[in-house]
Each structure stands twice: as C-alpha cells, then as structure tokens.
Amino acid sequence: MAMAMAMALGNPSMALPLRSPFHRKHAFNNTIHGISRFTTNTKLPFFQCTSPPNCRLNSFSTPKSASVNGFSVHNSNPEGSENDQVEFPKRFRELVHFIRSIWPGGSWWSLSDHADFIMTAKPVTVLRALQRMWGLVAKDRWIIFAAFSALVLAAVSEISIPHFLTASIFSAQSGEIVVFHRNVGLLVFLCFASGICSGLRGCCFGIANMILVKRMRETLYSALLFQDISFFDNETVGDLTSRLGADCQQVSRVIGNDLNLILRNVLQGTGALIYLLVLSWPLGLCTMMICSTLLIIMLLYGRYQKKAAKLIQEFTASANEVAQETFSLMRTVRVYGTEEQEVGRYKQWLGKIADISLRQSAAYGLWNLSFNTLYHSTQVIAVLIGGMSILAGHITAEQLTKFILYSEWLIYSTWWVGDNLSSLMQSVGASEKVFQLMDLLPSDQFISKGLKLQRLLGHIEFVNVSFYYASRAMVPVLQHVNISVHPNEVLAIVGLSGSGKSTIVNLLLRLYEPTDGQVLIDGFPLQELDVKWLRERIGFVGQEPRLFRMDISSNIRYGCTRDIKQKDVEWAAKQAYAHDFILSLPNGYKTLVDNDLLSGGQKQRIAIARALLRDPTILVLDEATSALDAESEHNVKNVLRALRSDLKTKRTVIVIAHRLSTIQAADRIVVMDGGRIVEMGSHMELLLKDGIYARLTRRQADAVA
Ligand SMILES: Nc1ncnc2c1ncn2[C@@H]1O[C@H](COP(=O)(O)OP(=O)(O)OP(=O)(O)O)[C@@H](O)[C@H]1O
C-alpha cells in the first residue's frame, strides 16, 4: 500500500525498492497489481529505458514525463509544460481512480483475482465448524465444562471490579469508613478470584485445545491412510502434510484462543451494557449504537479475513509442496544446478502469500482505525452528555465515572470480540479443507469384510481385463488382457516400457480396480476376498524399493504379521544375499537406514528379504533385480528357483524384467505391447515364433556384444 501511495504521488524511488528482477516483476504482478488494473500499460514499464538520453519510461509517457504504472513521474524538462497540461486531466483521473480503488470496498481489496485457484472445499459455517470440533473433544467434555465455569467466574469477578473501585474512591471521599473498608475487602477478594479463575480458564482451554489438535490430526491422518491409491495420484504430499500441520494448528486456535476470548468478552460486554443501561439509559443507548456499528464493521472484516485465510492456506500448501519436492529431489537439483530456479519457484508462492497478507494487514489497519475512532467517540459522547446531565443534576460525578469506566469496558469487549471473531473466521476457513478430507470415507476394500480362504493355492486369472487410470481417463492402459497363472508356476511378463506390465501387478495387488473384466484368485473374484488376508500372502518387490527410517531388521520385518525371530530375519537376509553387506554396516542389523543411506542394489536385496520373510504364496517381482550386479542377480535367481522347487512351499511367481536373461527359466513368458498381450509361451517357443520377444532378445544380445 505504501508503495502504491508513493507511486500515486509520483515518487518512483519510494515506490520501487528495486531488488532482484524477479522481485520487481513480482512486486508488480502481485503486490501492487491493484494499481495496474486501472492502467492500460502496466508491463514493468518504469525501469526500462529504451531511448537514452530521454529515458522513455513507458509507452504513453513523453520524454519530459515518465509514467510509473500509469502515474507520471515529473521530468524537469521545461519544454514539457504543454504536454504536462494535456496530461494533467488524465493523471488526475487516474489518481481519482486509484484512490477509489483503495477506498474500502474498492477493487484493490478484491481477492477474486485468486478465485481461479482451486478451492474445492465446501464452505463451512462457524456453527457447523464448532459442532465438528465439539464432536472431536466431546469425549473429554469435563475439561470444557471446567474451562467454561472458570471463564464465567473470572468474567463476573472482572466486570465487578470497576464498580467497587469507583465505590471505594467515592466512599473514601465522602468519609464513609465502614463502606470504604467493605468495598476494599470486596475488591481484594475479586482480584484473587479473577486471578485464580483466569489461570484455571487458560489452563483448561489450553488442554482442550491440545485434545482437539491431537484428535483432529489422528482422524485426518487415518482418513488419509485408508484412501484408495488413486486418491494419492491426485493429491500431492506437500499439500496433505500442510493440512496435517499448519491447517490443524490454525484450527486448533479456535478453542484455546478464539472461543475463550470471545465468550469472556461477550459475557463482560453484556454485563457492562446492562450496567450502563441501568446507570443512564440515554448514555447507554449511545454507547450501544457505537458498539453496534463496531459489530457490523467487525462482521464484514471477519468475512474478509475468512476468505483471505482460505487463500493463504492454499498458497501455503503450494509453497510447502514446492519445498517438499525440492528437498526430496535435492540430488537432481544439485546436479542440474537449479537451486536458483527452485528458490524462484518457492518465492512465487511466497509472493502470492505476501499479496494476500498485504490486504489482510491493510484490512486490520482499517479495523483498528474504526475501533479507535469509535472508542474515542464514546468517551467524547459520555463526557458531553454526562457533563450536561451532571449540570442538570440528573446523575452524580460517581455515576459518570462508573459510566466512563464501563463504557470503556464495553467497547474494549466489543473490540476483543471483533478481533477474535476474525481469527475464528480464519480458523473456520482453514478448517474447511481439513473437514472435507476428514469426511472422506475409507476405500471400499477396507469397509467390506471379504472371504478368507482356508488355503491359498495361488491360481491367478485375468479375465478380459481392461483398465485406465482415473487421472488419465482417456488413455487405455490395459485392453482385454486374459492370463491364467497356475499355482507354483513362474510367469514372466516382458514388453517395452509403458506397455502396462506394472499395471497388471497393481491390479493383482488390488491397488486399483479393473475398469472392465475380472481378476480371480483361486477362482474367487478379487473384490470378494479379504484384502488384508490376501496381501499378507503376497510378497512384492517393486522397481524402486524404498526403506523406512528404521533399523535394517525392522525394515525386513516390516508388515510381517507372523511371530518373527531375529534368526528368521537373518535367514531371509541370507536368502536375498543381503546378510554379508548388512554385517559390514556399523551396527549390523541394528543400523539405522533410510532411503538415501544404501545403494539401489542393497535396497533391493532388503526388499527381497522382506518379501521372502512373509513366506508368500504369490511372489511378485517387478524389476526386482534391476539394480543388482550380475553375480548377486545370479544368486538371487538361484534362491527363487530353490524356493520354487521346494515342494513344501508351493509358490506362484510373477516376474517382470527388462533383462531377458532373468526370465529365460520362467515356465511361461507373456509379451505385452500397448496394453495388450501379443505373445505368450516358453522362451524357446517365443524365439521360434520370431516375434517381438525374439527381436528384443536379439537386441539385448547385440547390446551385450
Ligand atoms: N498412477 C498412474 N496414473 C496415470 N497413469 C499411469 C500411472 N501409472 C502408470 N501410468 C501410465 O500407464 C501406462 C503403463 O504404465 P506401467 O507402469 O504399467 O508400464 P510398464 O510396462 O510397467 O513400464 P516400465 O517397464 O517402464 O515400468 C504408462 O503409459 C504410464 O504412463
């Protein structure tokens, strides 16, 4: 605003604290874009000098006068006086337009520029938001009741103090010693009572707040975790963590801060108003009218803040998203030297946040301005009407003093209510997306109780399965896929990148549901089986296994529901050829790892050990050996072969591999192209067919030679 004012006054040096080019551009596009809206030529004009020595500052400026975003900057060239005269009405019109735009309700205040930003959440009323919050803390309602009781006692004690204060002073003045002592005694009691009750109130509301945030985060987190995988295709990690972090925190202010203060001040304000009306109804009515005006301004201000808070919340989530993405891809950023670019990307969102915050601060300034003016008006009115009433003998000086003290109390209470109501509105704004996410029903697969078979044989069938991802509804990924994998069979799936191999596995793991057709396990449709039971019997090693930040032993045990001993973990690690490298780590199996602390091949071996430890009936390896060196791969292949030929543990194995050497020993090989199965048979059969598989094999052999 200050910059805008400076420009309006034609002072470019003040108007433009030039920093980086990005900042300049941003400052224009965002911070002061309200001004650019009423000018026709607003493209960073005033720091571009195109024709020296007469630095032409924008397209409609002359050599004698330059225009700063529509407002002229005076040039001392005397020849310019004629043009100055011509331009004066125009500049005056622009100045008037500018002043109108920053006037309350003017275009500068509009937040609709950002309305295109996705705000998918359904609006929530304050009452509805409070009901939802009550639902979360109702289990511990005792703390809320304790908080409210303390609040009422503190408010009554505090509001009584001015009465006894004035009474003490005037009883001392009139020499009524007994009354004076009684009043002072009561004052002391009220001071202690209000102090103790205020302390209790703060503590109880603080606890209630903590309970609310905890429950809110728990509920939101579990609601998110039970969503379909396709939900996570559409949401970003940064956005979701922002809802869990900043938004829940913002909502939590409601009980501990906003409600607490609003209720306290409503109680005290009402008490003060009644007292004032009893004392002198004409004076009381005047104060009431002023407070009503304040209330109306306060409601408008609250609505504005709510809207602004929602935008800030969205922009903060987007900024978090950028930061989160950059940190997780830090190695790529460093190698490609894009640090500056990433800072720019982050700053873009910060700029948007600053843009809204600027309006919020200006609105806060206006709100304070109204308050101060109205507050002093009450004093003036009280002295004016009160003074006249004293002169006329209608009221005493003691009554007027009490009146001034209580009217001050009333207006301050109104101010507090307004201030906290706007904060409440902001919290309610922030709560909309949180509640919307909390209301998401868990994925069907967690609701329906499916069948648990006595024994899983591992017979897998894909019957005429077609599929597309919801996020790309126009692109068919699988088309009429028919496969039958027999128990204890090793089926390999090969094909060019993007041909749909991993998608087949995704459907088998029921991460997605087929768009058409059915997946059957032991003759039962996948949807009818208990998904948890089934997944416990499937071992899966993905293309890029990721490890949790926990020790290696826990990483191998992860998700295994059997009773596992350390020796079982070591057995699995030995089978996956991970044991030796694990022992070479500083703390062996107790070494804390995460995704970045091990090599790709080491992570794959841990993931293979994790899958083997489950003793799965169906083992799915999606490029599980791609990061292994030739010898480790050979060893792991031997293990898989041994596991398969172990008659006690019959296992169906599905292997996806680009390295065709990995899958030559498979019972059957399926070749995929563009989401369809184009060839099927053993290695030799497919070579004889001389189709895609034979071509791929020849190319890989050529590459090795
Ligand atoms: N979550 C997703 N949302 C939208 N499209 C996806 C998603 N996952 C994969 N796809 C698309 O589906 C198609 C098949 O992907 P898929 O991962 O199944 O191929 P693939 O044969 O396993 O490839 P690769 O060998 O490279 O792993 C690709 O075009 C891919 O872009």
# chains A, B, ... in the order shown; residues from 1 in each chain; ligands from 1
>>> residues_around(residues="region 683-694 of chain A", least_positions_apart="5", cutoff="7 Å", atoms="only C-alpha atoms", output="MDAnalysis selection string")
chainID A and resid 664 669 671
>>> residues_around(residues="region 182-199 of chain A", least_positions_apart="3", cutoff="9 Å", atoms="only C-alpha atoms", output="MDAnalysis selection string")
chainID A and resid 149:158 160:161 164:165 167:168 171 177:179 202:204
>>> residues_near_ligand(ligand="ligand 1", cutoff="7 Å", atoms="only C-alpha atoms and all ligand atoms", output="PyMOL selection string")
chain A and resi 230+233+469+471-472+477+495-504
>>> residues_around(residues="Leu612 (chain A)", least_positions_apart="5", cutoff="12 Å", atoms="only C-alpha atoms", output="MDAnalysis selection string")
chainID A and resid 536:541 556:560 568:577 605:607 617:621 636 639:640 643:644 649 651 653
>>> residues_around(residues="Leu384 (chain A)", least_positions_apart="6", cutoff="12 Å", atoms="only C-alpha atoms", output="tab-separated table (two decimals) with C-alpha atoms, in the first residue's frame")
chain	number	residue	atom	x	y	z
A	283	LEU	CA	-25.94	7.30	27.65
A	286	CYS	CA	-25.49	5.96	22.64
A	377	SER	CA	-16.33	8.90	20.26
A	378	THR	CA	-17.84	7.08	23.25
A	390	ILE	CA	-24.42	16.38	35.92
A	391	LEU	CA	-25.04	20.06	35.32
A	400	LEU	CA	-20.46	9.37	35.40
A	404	ILE	CA	-16.99	6.01	31.60
>>> select_by_dssp(residues="region 413-542 of chain A", states="strand (DSSP E)", output="ChimeraX atom specification")
/A:460-467,478-485,490-495,516-521,524-525,538-541
>>> residues_around(residues="Glu325 (chain A)", least_positions_apart="5", cutoff="12 Å", atoms="only C-alpha atoms", output="list in words")
Thr236, Val237, Gly238, Asp239, Ser318, Ala319, Asn320, Met330, Arg331, Thr332, Val333, Glu342, Arg345 and Tyr346 of chain A
>>> write_last_selection(atoms="N, CA and C atoms", output="CSV table (one decimal), in the first residue's frame")
chain,number,residue,atom,x,y,z
A,236,THR,N,-1.0,-34.1,-3.7
A,236,THR,CA,0.4,-34.0,-3.5
A,236,THR,C,0.8,-34.2,-2.0
A,237,VAL,N,2.0,-34.7,-1.8
A,237,VAL,CA,2.5,-34.9,-0.4
A,237,VAL,C,2.5,-33.6,0.3
A,238,GLY,N,3.1,-32.6,-0.3
A,238,GLY,CA,3.2,-31.3,0.3
A,238,GLY,C,1.8,-30.7,0.8
A,239,ASP,N,0.8,-30.9,-0.1
A,239,ASP,CA,-0.5,-30.4,0.2
A,239,ASP,C,-1.1,-31.1,1.5
A,318,SER,N,0.8,-24.9,-1.3
A,318,SER,CA,1.5,-25.0,-2.6
A,318,SER,C,3.0,-24.7,-2.4
A,319,ALA,N,3.3,-23.7,-1.5
A,319,ALA,CA,4.7,-23.4,-1.2
A,319,ALA,C,5.3,-24.7,-0.5
A,320,ASN,N,4.6,-25.3,0.4
A,320,ASN,CA,5.1,-26.5,1.0
A,320,ASN,C,5.4,-27.6,0.0
A,330,MET,N,16.7,-33.3,-4.0
A,330,MET,CA,17.9,-32.5,-3.8
A,330,MET,C,19.1,-32.9,-4.7
A,331,ARG,N,19.3,-34.2,-4.8
A,331,ARG,CA,20.4,-34.6,-5.6
A,331,ARG,C,20.3,-34.1,-7.1
A,332,THR,N,19.0,-34.3,-7.6
A,332,THR,CA,18.8,-33.8,-9.0
A,332,THR,C,19.0,-32.3,-9.1
A,333,VAL,N,18.5,-31.6,-8.1
A,333,VAL,CA,18.6,-30.1,-8.1
A,333,VAL,C,20.0,-29.7,-8.2
A,342,GLU,N,14.7,-23.1,-8.2
A,342,GLU,CA,13.8,-23.6,-7.2
A,342,GLU,C,13.4,-22.5,-6.2
A,345,ARG,N,10.8,-20.6,-7.8
A,345,ARG,CA,9.5,-21.3,-7.7
A,345,ARG,C,8.9,-21.1,-6.3
A,346,TYR,N,9.7,-21.2,-5.3
A,346,TYR,CA,9.2,-21.1,-3.9
A,346,TYR,C,8.7,-19.6,-3.7
>>> atom_distance(atom1="CA of Ser361 (chain A)", atom2="CA of Lys347 (chain A)")
19.8 Å
>>> residues_around(residues="Val251 (chain A)", least_positions_apart="2", cutoff="12 Å", atoms="only C-alpha atoms", output="PDB file with C-alpha atoms, in the first residue's frame")
ATOM      1  CA  VAL A 126     -18.990 -21.174  12.124  1.00  0.00           C
ATOM      2  CA  ALA A 129     -17.308 -25.983  12.362  1.00  0.00           C
ATOM      3  CA  LEU A 130     -17.903 -25.658  16.106  1.00  0.00           C
ATOM      4  CA  ARG A 132     -17.482 -30.704  14.310  1.00  0.00           C
ATOM      5  CA  MET A 133     -14.908 -29.592  16.853  1.00  0.00           C
ATOM      6  CA  ASN A 209      -7.042 -27.222  22.542  1.00  0.00           C
ATOM      7  CA  MET A 210      -4.336 -29.850  22.754  1.00  0.00           C
ATOM      8  CA  LEU A 212      -8.656 -31.017  19.712  1.00  0.00           C
ATOM      9  CA  VAL A 213      -5.444 -30.800  17.637  1.00  0.00           C
ATOM     10  CA  LYS A 214      -4.439 -34.335  18.593  1.00  0.00           C
ATOM     11  CA  ARG A 215      -7.836 -35.814  17.664  1.00  0.00           C
ATOM     12  CA  MET A 216      -8.028 -33.763  14.520  1.00  0.00           C
ATOM     13  CA  ARG A 217      -4.612 -34.923  13.333  1.00  0.00           C
ATOM     14  CA  ARG A 243      -3.315 -29.912   6.008  1.00  0.00           C
ATOM     15  CA  LEU A 244      -1.991 -32.084   8.809  1.00  0.00           C
ATOM     16  CA  GLY A 245       0.470 -29.481  10.057  1.00  0.00           C
ATOM     17  CA  ALA A 246      -0.345 -25.819   9.520  1.00  0.00           C
ATOM     18  CA  ASP A 247      -4.093 -26.136   8.956  1.00  0.00           C
ATOM     19  CA  CYS A 248      -4.780 -28.299  12.004  1.00  0.00           C
ATOM     20  CA  GLN A 249      -2.693 -25.888  14.057  1.00  0.00           C
ATOM     21  CA  ARG A 253      -6.679 -21.803  17.870  1.00  0.00           C
ATOM     22  CA  VAL A 254     -10.449 -21.866  17.896  1.00  0.00           C
ATOM     23  CA  ILE A 255     -10.938 -23.317  21.368  1.00  0.00           C
ATOM     24  CA  GLY A 256      -7.791 -22.226  23.173  1.00  0.00           C
ATOM     25  CA  ASN A 257      -7.801 -18.706  21.925  1.00  0.00           C
ATOM     26  CA  ASP A 258     -10.740 -17.511  19.886  1.00  0.00           C
ATOM     27  CA  LEU A 259     -13.697 -19.066  21.682  1.00  0.00           C
ATOM     28  CA  ALA A 309      -7.242 -17.109   5.241  1.00  0.00           C
ATOM     29  CA  LYS A 310      -8.507 -19.727   2.812  1.00  0.00           C
ATOM     30  CA  GLN A 313      -3.907 -21.682   3.346  1.00  0.00           C
ATOM     31  CA  SER A 423      -9.422 -15.028  13.966  1.00  0.00           C
ATOM     32  CA  LEU A 424     -12.258 -17.536  14.439  1.00  0.00           C
ATOM     33  CA  MET A 425     -13.350 -16.927  10.854  1.00  0.00           C
ATOM     34  CA  GLN A 426      -9.792 -17.556   9.668  1.00  0.00           C
ATOM     35  CA  SER A 427      -9.695 -20.793  11.598  1.00  0.00           C
ATOM     36  CA  VAL A 428     -13.049 -21.818  10.175  1.00  0.00           C
ATOM     37  CA  GLY A 429     -11.708 -21.003   6.708  1.00  0.00           C
ATOM     38  CA  ALA A 430      -8.719 -23.226   7.354  1.00  0.00           C
ATOM     39  CA  SER A 431     -10.961 -25.970   8.707  1.00  0.00           C
ATOM     40  CA  GLU A 432     -12.961 -26.410   5.506  1.00  0.00           C
ATOM     41  CA  LYS A 433     -10.400 -28.490   3.638  1.00  0.00           C
ATOM     42  CA  VAL A 434      -9.417 -30.344   6.818  1.00  0.00           C
ATOM     43  CA  PHE A 435     -13.032 -31.371   7.495  1.00  0.00           C
TER      44      PHE A 435
END
>>> atom_distance(atom1="CA of Pro616 (chain A)", atom2="CA of Asp516 (chain A)")
27.7 Å
>>> closest_residue(among="A:Ile312, A:Met298, A:Leu261, A:Ile207", to="Lys352 (chain A)", atoms="only C-alpha atoms")
A:Ile312
>>> closest_residue(among="A:Asp228, A:Asp594, A:Asp622, A:Glu679", to="Ile483 (chain A)", atoms="only C-alpha atoms")
A:Glu679
>>> atom_distance(atom1="CA of Gly386 (chain A)", atom2="CA of Leu366 (chain A)")
29.4 Å
>>> closest_residue(among="A:Ile564, A:Cys291, A:Leu696, A:Leu111", to="Ala308 (chain A)", atoms="only C-alpha atoms")
A:Leu111
>>> closest_residue(among="A:Glu513, A:Ile654, A:Leu478, A:Ala473", to="Gly675 (chain A)", atoms="only C-alpha atoms")
A:Leu478
>>> closest_residue(among="A:Ser174, A:Ser682, A:Asn506, A:Thr414", to="Asn372 (chain A)", atoms="only C-alpha atoms")
A:Thr414
